[in-house]
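Asks: Quick one, run_4.pdb (PDB, C-alpha atoms, pLDDT in the B column):
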ATOM      1  CA  MET A   1     102.109 146.081  67.480  1.00 38.00           C
ATOM      2  CA  THR A   2      99.480 147.519  69.791  1.00 44.00           C
ATOM      3  CA  VAL A   3      98.057 151.014  69.478  1.00 42.00           C
ATOM      4  CA  ASP A   4      96.720 153.201  72.269  1.00 46.00           C
ATOM      5  CA  ARG A   5      93.061 153.970  71.573  1.00 44.00           C
ATOM      6  CA  ALA A   6      91.983 155.304  74.955  1.00 45.00           C
ATOM      7  CA  THR A   7      90.385 158.336  73.288  1.00 44.00           C
ATOM      8  CA  ASP A   8      88.384 156.209  70.863  1.00 56.00           C
ATOM      9  CA  ALA A   9      85.885 154.909  73.425  1.00 60.00           C
ATOM     10  CA  PRO A  10      82.251 154.384  72.380  1.00 65.00           C
ATOM     11  CA  ARG A  11      79.422 156.380  73.906  1.00 71.00           C
ATOM     12  CA  ALA A  12      77.116 154.986  76.596  1.00 73.00           C
ATOM     13  CA  GLU A  13      74.285 154.336  74.148  1.00 72.00           C
ATOM     14  CA  ASP A  14      76.635 152.407  71.845  1.00 76.00           C
ATOM     15  CA  SER A  15      78.073 150.290  74.650  1.00 92.00           C
ATOM     16  CA  ALA A  16      77.052 146.971  76.158  1.00 95.00           C
ATOM     17  CA  VAL A  17      79.164 147.791  79.228  1.00 96.00           C
ATOM     18  CA  TRP A  18      79.848 151.387  80.271  1.00 96.00           C
ATOM     19  CA  ALA A  19      81.234 153.051  83.378  1.00 96.00           C
ATOM     20  CA  GLU A  20      82.051 156.661  84.183  1.00 96.00           C
ATOM     21  CA  GLY A  21      83.931 158.018  87.195  1.00 97.00           C
ATOM     22  CA  VAL A  22      83.613 154.796  89.200  1.00 97.00           C
ATOM     23  CA  HIS A  23      85.027 154.913  92.727  1.00 97.00           C
ATOM     24  CA  LYS A  24      85.107 152.072  95.246  1.00 97.00           C
ATOM     25  CA  ALA A  25      86.763 151.763  98.652  1.00 97.00           C
ATOM     26  CA  TYR A  26      86.727 149.023 101.272  1.00 95.00           C
ATOM     27  CA  ARG A  27      86.204 149.988 104.919  1.00 93.00           C
ATOM     28  CA  ALA A  28      87.318 148.149 108.031  1.00 92.00           C
ATOM     29  CA  GLY A  29      86.519 150.219 111.092  1.00 91.00           C
ATOM     30  CA  ALA A  30      88.234 153.571 110.666  1.00 92.00           C
ATOM     31  CA  THR A  31      90.466 152.278 107.869  1.00 95.00           C
ATOM     32  CA  VAL A  32      89.447 153.175 104.323  1.00 94.00           C
ATOM     33  CA  THR A  33      91.284 151.488 101.431  1.00 95.00           C
ATOM     34  CA  PRO A  34      90.583 152.990  97.990  1.00 95.00           C
ATOM     35  CA  VAL A  35      90.385 150.333  95.266  1.00 96.00           C
ATOM     36  CA  LEU A  36      88.915 152.145  92.243  1.00 97.00           C
ATOM     37  CA  CYS A  37      89.667 155.828  91.720  1.00 97.00           C
ATOM     38  CA  GLY A  38      87.549 157.269  88.924  1.00 96.00           C
ATOM     39  CA  VAL A  39      87.460 154.484  86.334  1.00 97.00           C
ATOM     40  CA  ASP A  40      85.980 155.188  82.895  1.00 97.00           C
ATOM     41  CA  LEU A  41      85.254 152.178  80.687  1.00 96.00           C
ATOM     42  CA  ALA A  42      83.257 151.657  77.502  1.00 96.00           C
ATOM     43  CA  VAL A  43      82.898 148.291  75.760  1.00 96.00           C
ATOM     44  CA  ARG A  44      81.223 148.055  72.376  1.00 94.00           C
ATOM     45  CA  ARG A  45      78.521 145.488  71.708  1.00 94.00           C
ATOM     46  CA  GLY A  46      80.107 142.277  70.485  1.00 94.00           C
ATOM     47  CA  GLU A  47      83.563 143.272  71.727  1.00 95.00           C
ATOM     48  CA  CYS A  48      85.850 141.140  73.897  1.00 96.00           C
ATOM     49  CA  VAL A  49      88.023 143.196  76.248  1.00 96.00           C
ATOM     50  CA  PHE A  50      90.489 142.216  78.948  1.00 97.00           C
ATOM     51  CA  LEU A  51      91.166 143.929  82.259  1.00 97.00           C
ATOM     52  CA  ALA A  52      94.841 143.430  83.105  1.00 96.00           C
ATOM     53  CA  GLY A  53      97.121 144.630  85.862  1.00 94.00           C
ATOM     54  CA  PRO A  54      98.954 143.605  89.023  1.00 93.00           C
ATOM     55  CA  SER A  55      97.254 142.156  92.087  1.00 91.00           C
ATOM     56  CA  GLY A  56      95.384 144.868  93.954  1.00 91.00           C
ATOM     57  CA  SER A  57      94.923 147.060  90.890  1.00 94.00           C
ATOM     58  CA  GLY A  58      91.127 146.819  91.087  1.00 95.00           C
ATOM     59  CA  LYS A  59      90.409 144.383  88.228  1.00 96.00           C
ATOM     60  CA  THR A  60      88.163 141.966  90.107  1.00 95.00           C
ATOM     61  CA  THR A  61      86.428 144.759  92.023  1.00 96.00           C
ATOM     62  CA  LEU A  62      85.570 146.478  88.748  1.00 97.00           C
ATOM     63  CA  LEU A  63      84.295 143.190  87.297  1.00 97.00           C
ATOM     64  CA  SER A  64      82.166 142.616  90.406  1.00 96.00           C
ATOM     65  CA  ILE A  65      80.600 146.060  90.025  1.00 97.00           C
ATOM     66  CA  LEU A  66      79.846 145.404  86.354  1.00 97.00           C
ATOM     67  CA  GLY A  67      78.266 142.084  87.380  1.00 96.00           C
ATOM     68  CA  CYS A  68      75.985 143.670  90.025  1.00 95.00           C
ATOM     69  CA  ILE A  69      77.772 141.792  92.804  1.00 94.00           C
ATOM     70  CA  LEU A  70      79.176 144.992  94.328  1.00 95.00           C
ATOM     71  CA  SER A  71      77.937 148.565  94.103  1.00 95.00           C
ATOM     72  CA  ALA A  72      80.123 151.537  93.249  1.00 96.00           C
ATOM     73  CA  ASP A  73      80.531 154.227  95.898  1.00 96.00           C
ATOM     74  CA  ARG A  74      80.376 156.920  93.213  1.00 96.00           C
ATOM     75  CA  GLY A  75      80.035 157.046  89.457  1.00 96.00           C
ATOM     76  CA  ARG A  76      77.697 155.679  86.801  1.00 95.00           C
ATOM     77  CA  VAL A  77      77.517 152.130  85.479  1.00 96.00           C
ATOM     78  CA  ARG A  78      75.398 150.814  82.607  1.00 96.00           C
ATOM     79  CA  VAL A  79      75.286 147.107  81.660  1.00 96.00           C
ATOM     80  CA  ALA A  80      73.130 145.474  78.983  1.00 93.00           C
ATOM     81  CA  ASP A  81      71.111 148.691  78.505  1.00 91.00           C
ATOM     82  CA  GLU A  82      70.353 148.943  82.226  1.00 92.00           C
ATOM     83  CA  GLU A  83      71.542 151.811  84.435  1.00 94.00           C
ATOM     84  CA  LEU A  84      72.636 150.242  87.722  1.00 94.00           C
ATOM     85  CA  ALA A  85      72.191 153.291  89.941  1.00 90.00           C
ATOM     86  CA  GLY A  86      69.064 152.973  92.051  1.00 83.00           C
ATOM     87  CA  LEU A  87      68.351 149.323  91.244  1.00 91.00           C
ATOM     88  CA  ASP A  88      67.109 147.435  94.278  1.00 93.00           C
ATOM     89  CA  GLU A  89      68.437 143.954  95.007  1.00 93.00           C
ATOM     90  CA  PRO A  90      65.583 142.033  93.282  1.00 93.00           C
ATOM     91  CA  ARG A  91      66.151 144.014  90.062  1.00 94.00           C
ATOM     92  CA  ARG A  92      69.928 143.572  90.337  1.00 94.00           C
ATOM     93  CA  ALA A  93      69.410 139.824  90.802  1.00 93.00           C
ATOM     94  CA  ALA A  94      67.128 139.724  87.760  1.00 93.00           C
ATOM     95  CA  LEU A  95      69.775 141.531  85.697  1.00 94.00           C
ATOM     96  CA  ARG A  96      72.428 139.027  86.792  1.00 93.00           C
ATOM     97  CA  ARG A  97      70.121 136.109  86.038  1.00 90.00           C
ATOM     98  CA  HIS A  98      68.836 137.209  82.637  1.00 92.00           C
ATOM     99  CA  ARG A  99      71.458 139.475  81.082  1.00 95.00           C
ATOM    100  CA  ILE A 100      74.872 138.437  82.442  1.00 96.00           C
ATOM    101  CA  GLY A 101      76.791 135.159  82.283  1.00 95.00           C
ATOM    102  CA  PHE A 102      79.665 134.501  84.694  1.00 95.00           C
ATOM    103  CA  VAL A 103      82.801 132.383  84.282  1.00 95.00           C
ATOM    104  CA  PHE A 104      84.701 132.066  87.555  1.00 89.00           C
ATOM    105  CA  GLN A 105      88.343 131.247  88.237  1.00 84.00           C
ATOM    106  CA  ARG A 106      87.417 128.402  90.605  1.00 86.00           C
ATOM    107  CA  PHE A 107      84.591 127.183  88.335  1.00 91.00           C
ATOM    108  CA  HIS A 108      81.934 127.241  91.131  1.00 93.00           C
ATOM    109  CA  LEU A 109      80.386 124.018  89.883  1.00 95.00           C
ATOM    110  CA  ILE A 110      77.975 122.232  92.216  1.00 94.00           C
ATOM    111  CA  ARG A 111      79.708 118.981  93.151  1.00 92.00           C
ATOM    112  CA  GLY A 112      76.499 117.091  93.892  1.00 94.00           C
ATOM    113  CA  LEU A 113      75.018 117.755  90.438  1.00 96.00           C
ATOM    114  CA  SER A 114      75.889 116.116  87.149  1.00 97.00           C
ATOM    115  CA  VAL A 115      77.643 118.067  84.424  1.00 97.00           C
ATOM    116  CA  LEU A 116      74.334 118.388  82.568  1.00 98.00           C
ATOM    117  CA  ASP A 117      72.518 119.700  85.649  1.00 97.00           C
ATOM    118  CA  ASN A 118      75.309 122.177  86.377  1.00 97.00           C
ATOM    119  CA  VAL A 119      74.968 123.639  82.903  1.00 97.00           C
ATOM    120  CA  ARG A 120      71.199 123.979  83.044  1.00 96.00           C
ATOM    121  CA  VAL A 121      71.102 125.669  86.469  1.00 95.00           C
ATOM    122  CA  PRO A 122      70.613 129.169  84.962  1.00 94.00           C
ATOM    123  CA  LEU A 123      67.641 127.898  82.959  1.00 95.00           C
ATOM    124  CA  VAL A 124      66.124 126.228  86.019  1.00 94.00           C
ATOM    125  CA  LEU A 125      66.394 129.557  87.854  1.00 90.00           C
ATOM    126  CA  ARG A 126      64.529 131.165  84.978  1.00 90.00           C
ATOM    127  CA  ALA A 127      61.800 128.470  85.176  1.00 92.00           C
ATOM    128  CA  ALA A 128      62.485 127.308  81.619  1.00 94.00           C
ATOM    129  CA  PRO A 129      60.567 124.200  80.472  1.00 96.00           C
ATOM    130  CA  PRO A 130      62.588 121.155  81.597  1.00 95.00           C
ATOM    131  CA  ASP A 131      62.830 119.528  78.162  1.00 97.00           C
ATOM    132  CA  ALA A 132      63.952 122.763  76.515  1.00 97.00           C
ATOM    133  CA  ALA A 133      66.506 123.366  79.267  1.00 96.00           C
ATOM    134  CA  ARG A 134      67.908 119.869  78.839  1.00 97.00           C
ATOM    135  CA  ARG A 135      68.215 120.236  75.049  1.00 97.00           C
ATOM    136  CA  ARG A 136      69.885 123.622  75.351  1.00 97.00           C
ATOM    137  CA  ALA A 137      72.347 122.323  77.965  1.00 97.00           C
ATOM    138  CA  LEU A 138      73.206 119.297  75.816  1.00 97.00           C
ATOM    139  CA  ASP A 139      73.759 121.558  72.804  1.00 96.00           C
ATOM    140  CA  LEU A 140      76.227 123.667  74.792  1.00 95.00           C
ATOM    141  CA  LEU A 141      78.005 120.605  76.153  1.00 96.00           C
ATOM    142  CA  ASP A 142      78.376 119.394  72.591  1.00 96.00           C
ATOM    143  CA  ALA A 143      79.765 122.802  71.596  1.00 94.00           C
ATOM    144  CA  VAL A 144      82.450 122.596  74.315  1.00 95.00           C
ATOM    145  CA  GLY A 145      83.268 118.975  73.461  1.00 95.00           C
ATOM    146  CA  LEU A 146      81.797 117.385  76.580  1.00 96.00           C
ATOM    147  CA  ALA A 147      78.531 115.841  75.397  1.00 96.00           C
ATOM    148  CA  ASP A 148      79.796 112.399  76.406  1.00 96.00           C
ATOM    149  CA  MET A 149      80.410 113.646  79.977  1.00 96.00           C
ATOM    150  CA  ALA A 150      76.857 114.902  80.596  1.00 97.00           C
ATOM    151  CA  ARG A 151      76.150 112.290  83.274  1.00 97.00           C
ATOM    152  CA  SER A 152      79.545 112.667  84.979  1.00 97.00           C
ATOM    153  CA  HIS A 153      80.169 114.805  88.052  1.00 96.00           C
ATOM    154  CA  PRO A 154      82.696 117.632  88.478  1.00 95.00           C
ATOM    155  CA  ARG A 155      84.905 115.496  90.736  1.00 94.00           C
ATOM    156  CA  ASN A 156      85.596 113.226  87.748  1.00 95.00           C
ATOM    157  CA  LEU A 157      86.700 116.037  85.419  1.00 95.00           C
ATOM    158  CA  SER A 158      90.038 117.703  84.838  1.00 94.00           C
ATOM    159  CA  ALA A 159      90.448 121.419  85.571  1.00 93.00           C
ATOM    160  CA  GLY A 160      90.234 122.189  81.864  1.00 93.00           C
ATOM    161  CA  GLN A 161      87.025 120.205  81.523  1.00 95.00           C
ATOM    162  CA  CYS A 162      85.520 121.943  84.568  1.00 95.00           C
ATOM    163  CA  GLN A 163      86.245 125.311  82.991  1.00 94.00           C
ATOM    164  CA  ARG A 164      84.574 124.222  79.753  1.00 95.00           C
ATOM    165  CA  VAL A 165      81.495 123.230  81.765  1.00 96.00           C
ATOM    166  CA  ALA A 166      81.587 126.666  83.403  1.00 96.00           C
ATOM    167  CA  ILE A 167      81.713 128.334  79.972  1.00 96.00           C
ATOM    168  CA  ALA A 168      78.723 126.283  78.806  1.00 96.00           C
ATOM    169  CA  ARG A 169      76.814 127.275  81.939  1.00 96.00           C
ATOM    170  CA  ALA A 170      77.610 130.961  81.373  1.00 96.00           C
ATOM    171  CA  LEU A 171      76.261 130.782  77.822  1.00 95.00           C
ATOM    172  CA  VAL A 172      73.263 128.493  78.298  1.00 96.00           C
ATOM    173  CA  ALA A 173      70.714 131.252  79.008  1.00 94.00           C
ATOM    174  CA  ASP A 174      72.009 133.279  76.031  1.00 95.00           C
ATOM    175  CA  PRO A 175      72.962 136.427  78.002  1.00 95.00           C
ATOM    176  CA  PRO A 176      74.294 139.364  75.956  1.00 96.00           C
ATOM    177  CA  VAL A 177      77.164 140.047  78.386  1.00 97.00           C
ATOM    178  CA  ILE A 178      79.732 137.521  79.644  1.00 97.00           C
ATOM    179  CA  LEU A 179      82.050 138.339  82.566  1.00 97.00           C
ATOM    180  CA  ALA A 180      85.040 136.088  83.262  1.00 96.00           C
ATOM    181  CA  ASP A 181      87.356 136.334  86.274  1.00 95.00           C
ATOM    182  CA  GLU A 182      90.793 134.817  85.609  1.00 93.00           C
ATOM    183  CA  PRO A 183      89.358 131.952  83.515  1.00 93.00           C
ATOM    184  CA  THR A 184      92.796 130.415  82.859  1.00 91.00           C
ATOM    185  CA  ALA A 185      94.378 130.931  86.299  1.00 89.00           C
ATOM    186  CA  SER A 186      93.678 127.367  87.481  1.00 87.00           C
ATOM    187  CA  LEU A 187      94.789 125.782  84.199  1.00 90.00           C
ATOM    188  CA  ASP A 188      98.114 124.710  82.760  1.00 91.00           C
ATOM    189  CA  ALA A 189      99.435 126.551  79.693  1.00 91.00           C
ATOM    190  CA  VAL A 190      97.959 124.168  77.110  1.00 92.00           C
ATOM    191  CA  SER A 191      94.541 123.939  78.787  1.00 91.00           C
ATOM    192  CA  GLY A 192      94.521 127.710  79.212  1.00 91.00           C
ATOM    193  CA  GLN A 193      95.104 128.323  75.511  1.00 93.00           C
ATOM    194  CA  GLU A 194      92.464 125.761  74.538  1.00 93.00           C
ATOM    195  CA  THR A 195      89.977 127.311  76.965  1.00 92.00           C
ATOM    196  CA  MET A 196      90.492 130.818  75.597  1.00 94.00           C
ATOM    197  CA  GLU A 197      90.193 129.618  71.988  1.00 94.00           C
ATOM    198  CA  LEU A 198      86.881 127.986  72.903  1.00 93.00           C
ATOM    199  CA  PHE A 199      85.683 131.001  74.890  1.00 94.00           C
ATOM    200  CA  HIS A 200      86.580 133.389  72.067  1.00 94.00           C
ATOM    201  CA  ARG A 201      84.879 131.255  69.421  1.00 93.00           C
ATOM    202  CA  LEU A 202      81.650 130.696  71.354  1.00 93.00           C
ATOM    203  CA  THR A 203      81.234 134.323  72.414  1.00 92.00           C
ATOM    204  CA  ALA A 204      82.210 135.762  69.020  1.00 92.00           C
ATOM    205  CA  GLN A 205      79.917 133.563  66.956  1.00 90.00           C
ATOM    206  CA  ASP A 206      76.827 134.917  68.762  1.00 88.00           C
ATOM    207  CA  GLY A 207      78.094 138.495  68.974  1.00 93.00           C
ATOM    208  CA  LYS A 208      78.284 138.505  72.760  1.00 95.00           C
ATOM    209  CA  THR A 209      80.135 141.158  74.720  1.00 96.00           C
ATOM    210  CA  ALA A 210      82.837 139.751  76.991  1.00 96.00           C
ATOM    211  CA  VAL A 211      84.880 141.359  79.770  1.00 97.00           C
ATOM    212  CA  VAL A 212      87.721 139.160  81.041  1.00 97.00           C
ATOM    213  CA  VAL A 213      90.003 139.747  84.020  1.00 96.00           C
ATOM    214  CA  THR A 214      93.452 138.250  83.509  1.00 94.00           C
ATOM    215  CA  HIS A 215      97.068 138.613  84.545  1.00 89.00           C
ATOM    216  CA  ASP A 216      98.294 136.363  81.719  1.00 90.00           C
ATOM    217  CA  PRO A 217      99.743 138.297  78.739  1.00 91.00           C
ATOM    218  CA  ARG A 218      99.931 135.074  76.707  1.00 90.00           C
ATOM    219  CA  ILE A 219      96.168 135.253  76.099  1.00 93.00           C
ATOM    220  CA  PHE A 220      95.993 138.950  75.185  1.00 94.00           C
ATOM    221  CA  ARG A 221      95.615 138.023  71.525  1.00 93.00           C
ATOM    222  CA  TYR A 222      92.064 136.843  72.235  1.00 95.00           C
ATOM    223  CA  ALA A 223      91.007 140.401  73.145  1.00 95.00           C
ATOM    224  CA  ASP A 224      89.911 143.253  70.914  1.00 95.00           C
ATOM    225  CA  ARG A 225      91.257 145.686  73.494  1.00 96.00           C
ATOM    226  CA  VAL A 226      93.222 145.359  76.743  1.00 97.00           C
ATOM    227  CA  PHE A 227      92.652 147.858  79.551  1.00 97.00           C
ATOM    228  CA  HIS A 228      95.621 148.032  81.926  1.00 97.00           C
ATOM    229  CA  LEU A 229      94.772 148.979  85.516  1.00 97.00           C
ATOM    230  CA  ASP A 230      97.168 150.135  88.195  1.00 96.00           C
ATOM    231  CA  GLY A 231      96.386 151.828  91.476  1.00 94.00           C
ATOM    232  CA  GLY A 232      92.663 151.705  90.824  1.00 96.00           C
ATOM    233  CA  ARG A 233      92.874 153.538  87.502  1.00 96.00           C
ATOM    234  CA  ILE A 234      93.009 152.558  83.841  1.00 96.00           C
ATOM    235  CA  VAL A 235      96.482 153.732  82.895  1.00 96.00           C
ATOM    236  CA  ARG A 236      96.707 152.393  79.351  1.00 94.00           C
ATOM    237  CA  THR A 237      94.478 150.896  76.644  1.00 94.00           C
ATOM    238  CA  GLU A 238      95.794 148.667  73.871  1.00 92.00           C
ATOM    239  CA  GLN A 239      94.022 147.850  70.634  1.00 88.00           C
ATOM    240  CA  GLN A 240      94.956 144.357  69.529  1.00 77.00           C
ATOM    241  CA  PRO A 241      95.850 143.852  65.839  1.00 73.00           C
ATOM    242  CA  SER A 242      92.900 142.522  63.838  1.00 62.00           C
ATOM    243  CA  ASP A 243      95.001 139.563  62.640  1.00 60.00           C
ATOM    244  CA  ALA A 244      96.416 138.707  66.074  1.00 56.00           C
ATOM    245  CA  LEU A 245      94.740 135.304  66.268  1.00 57.00           C
ATOM    246  CA  ALA A 246      95.725 134.328  62.760  1.00 44.00           C
ATOM    247  CA  CYS A 247      99.328 135.415  63.307  1.00 39.00           C
ATOM    248  CA  THR A 248      99.692 133.396  66.497  1.00 43.00           C
ATOM    249  CA  ALA A 249      97.703 130.295  65.565  1.00 42.00           C
ATOM    250  CA  GLY A 250      99.310 127.172  66.943  1.00 42.00           C
ATOM    251  CA  VAL A 251     101.530 129.027  69.414  1.00 37.00           C
TER     252      VAL A 251
END
Would you mind giving the structure from this file in structure tokens?
Replies:
Amino acid sequence: MTVDRATDAPRAEDSAVWAEGVHKAYRAGATVTPVLCGVDLAVRRGECVFLAGPSGSGKTTLLSILGCILSADRGRVRVADEELAGLDEPRRAALRRHRIGFVFQRFHLIRGLSVLDNVRVPLVLRAAPPDAARRRALDLLDAVGLADMARSHPRNLSAGQCQRVAIARALVADPPVILADEPTASLDAVSGQETMELFHRLTAQDGKTAVVVTHDPRIFRYADRVFHLDGGRIVRTEQQPSDALACTAGV
């Protein structure tokens, strides 16, 4: 059974991800379409939360604001101890590069690069020593069960394997915050469950904070809390039972 804990939100200073009164609208000429209408969100350090809701509810827009891809029209946002208001684009890019890992629905792997090179891209962007970057990438590929595919290319992988590569890439630079947009949407039911088990294990073991957009209630058990959005607002918050994973193992 889930319990509503919307009033039990952590404070900004206790949160890895925090938003207050966030508004966002899209404009096309004279047409203004509100997408987020005063969202408040607080995610504890080391917590895994899901953003759920119907299409058009604002889930991906909110995730994009948390990931410094979009800017809020109004409201405050704080991610990985950094207040986003007033950050110029170079500082926003640095925050994305050093403090946030992304897992995308469509994987966004670079087809011309090997699996190994795809995983170490974030370290190359940070000018990490090549040998250290290679070792770190191989360690992550081993952790996701793809060490033997390091020299392969994305075109030779299944969808489930591509998503595991994407998870390794998101974790390789050891960011404190991981953002995932519909990570199981392109996968069949079995691959989706396996991917979420892997994602949950790898983020939890290092105490990372994860925010996951999903429309799939079958994976809710991998969350500590689920925030339900509708009409650009969080309308309900569910606290998942602490034994949810144990109770549903093998399902």
Asks: Counting all atoms listed in the file, which residue out of A:Val115, A:Cys48, A:Ala128, A:Leu87 sits closest to Asp148 of chain A?
Replies: A:Val115
Asks: Residue by residue, what does the PyMOL selection byres ((chain A and resi 114) around 7) grab here? Present the result as a ChimeraX atom specification.
Replies: /A:112-113,115-118,150-153
Asks: When you draw a straight line from atom CA of His98 of chain A to atom CA of Asp131 of chain A, how long is it in Å?
Replies: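 So the two atoms, atom CA of His98 of chain A and atom CA of Asp131 of chain A, lie 19.2 Å apart.
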Asks: When you count all atoms listed in the file, which of these residues is closest to Ala16 of chain A: A:Leu202, A:Leu187, A:Pro176, A:Ala94?
Replies: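 Distance minimum relative to Ala16 of chain A lands on A:Pro176.
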Asks: If you measure from atom CA of Val172 of chain A to atom CA of Pro122 of chain A, what distance in Å do you get, rounded to one decimal?
Replies: 7.2 Å
Asks: Excluding Val211 of chain A and residues on its chain fewer than 4 positions from it, collect all residues at most 12 Å away from it, counting only C-alpha atoms, and give them as a ChimeraX atom specification.
Replies: /A:16-18,41-52,59-60,62-64,66-67,79,100-103,176-183,199-200,203,222-227
Asks: For Glu20 of chain A, which residue out of A:Asp73, A:Glu194, A:Asp174, A:Asp40 is the nearest one, using only C-alpha atoms?
Replies: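 Distance minimum relative to Glu20 of chain A lands on A:Asp40.
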Asks: So which residues touch Leu125 of chain A within 9 Å, counting only C-alpha atoms, skipping near sequence neighbours fewer than 4 positions away, as a list in words?
Replies: Arg97, Arg120 and Val121 of chain A
Asks: Compile the contact shell of Cys68 of chain A as a tab-separated table (two decimals) with C-alpha atoms, in the coordinates of the input: residues with an atom at most 9 Å away, counting only C-alpha atoms, same-chain residues fewer than 6 positions apart removed.
Replies:
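What follows is the written file out.tsv:
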chain	number	residue	atom	x	y	z
A	84	LEU	CA	72.64	150.24	87.72
A	92	ARG	CA	69.93	143.57	90.34
A	93	ALA	CA	69.41	139.82	90.80
A	95	LEU	CA	69.78	141.53	85.70
A	96	ARG	CA	72.43	139.03	86.79
Asks: Going by the chain IDs and residue numbers used in this file, which residues fall under the PyMOL selection byres ((chain A and resi 159) around 12)? Write them as a PyMOL selection string.
Replies: chain A and resi 105-109+154-158+160-166+183-192+195
Asks: Evaluate the PyMOL selection byres ((chain A and resi 218) around 10) here and jot the selected residues down as a VMD selection string.
Replies: chain A and resid 189 192 to 193 214 to 217 219 to 222 251
Asks: Measure the distance from atom CA of Ala72 of chain A to atom CA of Val22 of chain A in Å and round it to one decimal.
Replies: 6.3 Å
Asks: Identify the residues within 12 Å of coordinate (94.7, 153.5, 81.5) (same frame as the file), considering only C-alpha atoms, and give the answer as a list in words.
Replies: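 Selection result: Asp4, Arg5, Ala6, Thr7, Cys37, Gly38, Val39, Asp40, Leu41, Leu51, Ala52, Gly53, Ser57, Arg225, Val226, Phe227, His228, Leu229, Asp230, Gly231, Gly232, Arg233, Ile234, Val235, Arg236, Thr237 and Glu238 of chain A.
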Asks: Which residue is closest to Glu197 of chain A? Choose from A:Pro34, A:Ala168, A:Val213, A:Val144 and count all atoms listed in the file.
Replies: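 The shortest atom-to-atom distance to Glu197 of chain A comes from A:Val144.
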Asks: Which one is closest to Phe104 of chain A: A:Asp206, A:Ile167, A:Ala28, A:Thr33? Count only C-alpha atoms.
Replies: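 Result for the nearest residue to Phe104 of chain A: A:Ile167.
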Asks: Excluding Ala85 of chain A and residues on its chain fewer than 4 positions from it, collect all residues at most 9 Å away from it, counting only C-alpha atoms, and give them as a PyMOL selection string.
Replies: chain A and resi 71-72+75-78
Asks: Taking only C-alpha atoms into account, name the residue in A:Ala133, A:Ala143, A:Ala30, A:Ala25 that is nearest to Arg201 of chain A.
Replies: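 Among A:Ala133, A:Ala143, A:Ala30, A:Ala25, it is A:Ala143 that comes nearest to Arg201 of chain A.
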Asks: Let me have the centre and edge lengths in Å, one decimal, of the box along x, y and z around every listed atom of segment 85-96 of chain A with 3 Å of margin on each side, as JSON.
Replies:
{"center_x": 69.0, "center_y": 146.2, "center_z": 90.4, "size_x": 12.8, "size_y": 20.3, "size_z": 15.3}
